[in-house]
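Q: Quick one: this structure, given as structure tokens, is what I'll be asking you about.
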Amino acid sequence: TLMPALSKPCVHYDPLVDAVTIWFQRGVESARTDVIDNLRLADYDARGKLAFVELIGVSKGLRLEGLPEKEAIERELLPLAQSKGWKLA
């Protein structure tokens with residue numbers, strides 16, 4: 001059973017790989033991955049709805065321009081970025 005979209009994005013930071021995943025849906029299979037660049041990926045479900053965004057190398061800075069749902073991602077990442085001293089661009 002597929003789960004519905006989350007009421008708000010959920011952020012997970014993995015320090016071992018220095019990556020952040022921002023979930024917009026849980027329990028869905030990725031049907032398509034858009035490689036935005038070598039440090040940013042966006043995955044979509046079979047209906048074309050954004051499932052999650054993965055940002056790699058976040059401790060070196062976060063480039064948000066060109067991301068889907070940029071405003072929601074920025075809003076959810078801001079507290080984590082501030083606590084870690086990361087720069088948002």
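In the structure tokens, chains take letters A, B, ... by order of appearance, with residues numbered from 1 within each chain and ligands from 1 in the order shown.
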Excluding region 13-15 of chain A and its own-chain neighbours fewer than 5 positions away, which residues fall within 10 Å of it when counting only C-alpha atoms? Please give them as a JSON list (two decimals) with N, CA and C atoms, in the first residue's frame.

A:
[["chain", "number", "residue", "atom", "x", "y", "z"],
["A", 20, "VAL", "N", 21.84, 15.04, 2.53],
["A", 20, "VAL", "CA", 20.52, 15.30, 3.09],
["A", 20, "VAL", "C", 19.49, 14.75, 2.11],
["A", 21, "THR", "N", 18.49, 14.07, 2.66],
["A", 21, "THR", "CA", 17.33, 13.65, 1.88],
["A", 21, "THR", "C", 16.12, 14.40, 2.41],
["A", 22, "ILE", "N", 15.36, 15.00, 1.52],
["A", 22, "ILE", "CA", 14.13, 15.69, 1.88],
["A", 22, "ILE", "C", 12.98, 14.89, 1.29],
["A", 54, "GLU", "N", 17.59, 14.47, -3.01],
["A", 54, "GLU", "CA", 18.82, 14.14, -2.28],
["A", 54, "GLU", "C", 19.89, 15.15, -2.66],
["A", 55, "LEU", "N", 20.54, 15.70, -1.63],
["A", 55, "LEU", "CA", 21.60, 16.68, -1.79],
["A", 55, "LEU", "C", 22.87, 16.09, -1.19],
["A", 56, "ILE", "N", 23.94, 16.03, -1.97],
["A", 56, "ILE", "CA", 25.19, 15.41, -1.55],
["A", 56, "ILE", "C", 26.25, 16.49, -1.33],
["A", 57, "GLY", "N", 27.12, 16.26, -0.35],
["A", 57, "GLY", "CA", 28.18, 17.21, -0.05],
["A", 57, "GLY", "C", 27.68, 18.48, 0.62],
["A", 58, "VAL", "N", 26.67, 18.33, 1.45],
["A", 58, "VAL", "CA", 25.99, 19.49, 2.02],
["A", 58, "VAL", "C", 26.85, 20.34, 2.95],
["A", 59, "SER", "N", 27.84, 19.75, 3.59],
["A", 59, "SER", "CA", 28.66, 20.53, 4.50],
["A", 59, "SER", "C", 29.51, 21.57, 3.76],
["A", 77, "LEU", "N", 15.09, 23.06, 5.47],
["A", 77, "LEU", "CA", 16.53, 22.90, 5.69],
["A", 77, "LEU", "C", 17.14, 24.00, 6.55],
["A", 80, "LEU", "N", 18.38, 23.17, 10.20],
["A", 80, "LEU", "CA", 19.51, 22.24, 10.18],
["A", 80, "LEU", "C", 20.76, 22.95, 9.66]]

Q: Ser30 (chain A): which residues within 6 Å, counting only C-alpha atoms, same-chain residues fewer than 6 positions away excluded, as a ChimeraX atom specification?

A: /A:43-45

Q: Generate a file of the selected residues that holds N, CA and C atoms, formatted as a CSV table (one decimal), in the first residue's frame.

A:
chain,number,residue,atom,x,y,z
A,43,ASP,N,13.7,12.5,-7.1
A,43,ASP,CA,13.0,11.3,-7.5
A,43,ASP,C,11.5,11.5,-7.5
A,44,TYR,N,10.8,10.9,-8.5
A,44,TYR,CA,9.4,11.1,-8.7
A,44,TYR,C,8.7,9.7,-8.7
A,45,ASP,N,7.4,9.7,-8.3
A,45,ASP,CA,6.7,8.5,-8.3
A,45,ASP,C,6.1,8.2,-9.7

Q: Check the DSSP output for the backbone and give back, as a tab-separated table (two decimals) with C-alpha atoms, in the first residue's frame, the residues of chain A in strand (DSSP E or B).

A:
chain	number	residue	atom	x	y	z
A	5	ALA	CA	2.22	12.65	0.69
A	6	LEU	CA	3.58	13.93	3.97
A	7	SER	CA	1.87	16.95	5.50
A	8	LYS	CA	5.25	18.68	5.38
A	9	PRO	CA	8.63	17.60	4.01
A	10	CYS	CA	10.78	15.43	6.28
A	11	VAL	CA	14.54	16.09	6.36
A	12	HIS	CA	17.17	13.44	7.11
A	13	TYR	CA	20.92	14.15	7.32
A	14	ASP	CA	23.39	11.28	6.96
A	19	ALA	CA	24.00	14.02	2.34
A	20	VAL	CA	20.52	15.30	3.09
A	21	THR	CA	17.33	13.65	1.88
A	22	ILE	CA	14.13	15.69	1.88
A	23	TRP	CA	11.12	13.38	1.73
A	24	PHE	CA	7.84	14.64	0.28
A	25	GLN	CA	6.29	11.14	0.26
A	32	ARG	CA	12.04	8.39	-12.36
A	33	THR	CA	15.20	10.09	-11.13
A	34	ASP	CA	16.19	13.49	-12.44
A	35	VAL	CA	19.89	14.15	-12.04
A	36	ILE	CA	19.99	17.91	-11.56
A	37	ASP	CA	23.78	17.81	-11.31
A	40	ARG	CA	21.59	16.87	-6.54
A	41	LEU	CA	18.90	14.33	-7.45
A	42	ALA	CA	15.10	14.44	-7.51
A	43	ASP	CA	12.98	11.27	-7.51
A	44	TYR	CA	9.37	11.08	-8.70
A	50	LEU	CA	7.99	14.49	-6.25
A	51	ALA	CA	8.93	11.75	-3.76
A	52	PHE	CA	12.25	13.04	-2.46
A	53	VAL	CA	15.28	15.19	-3.20
A	54	GLU	CA	18.82	14.14	-2.28
A	55	LEU	CA	21.60	16.68	-1.79
A	56	ILE	CA	25.19	15.41	-1.55
A	62	LEU	CA	23.72	23.90	-0.35
A	88	LEU	CA	22.36	28.07	1.60

Q: Would you mind telling me which residue in A:Gly27, A:Lys49, A:Leu16, A:Ala89 lies nearest to Pro68 (chain A) when using only C-alpha atoms?

A: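 Looking at the shortest contact to Pro68 (chain A), the residue is A:Lys49.
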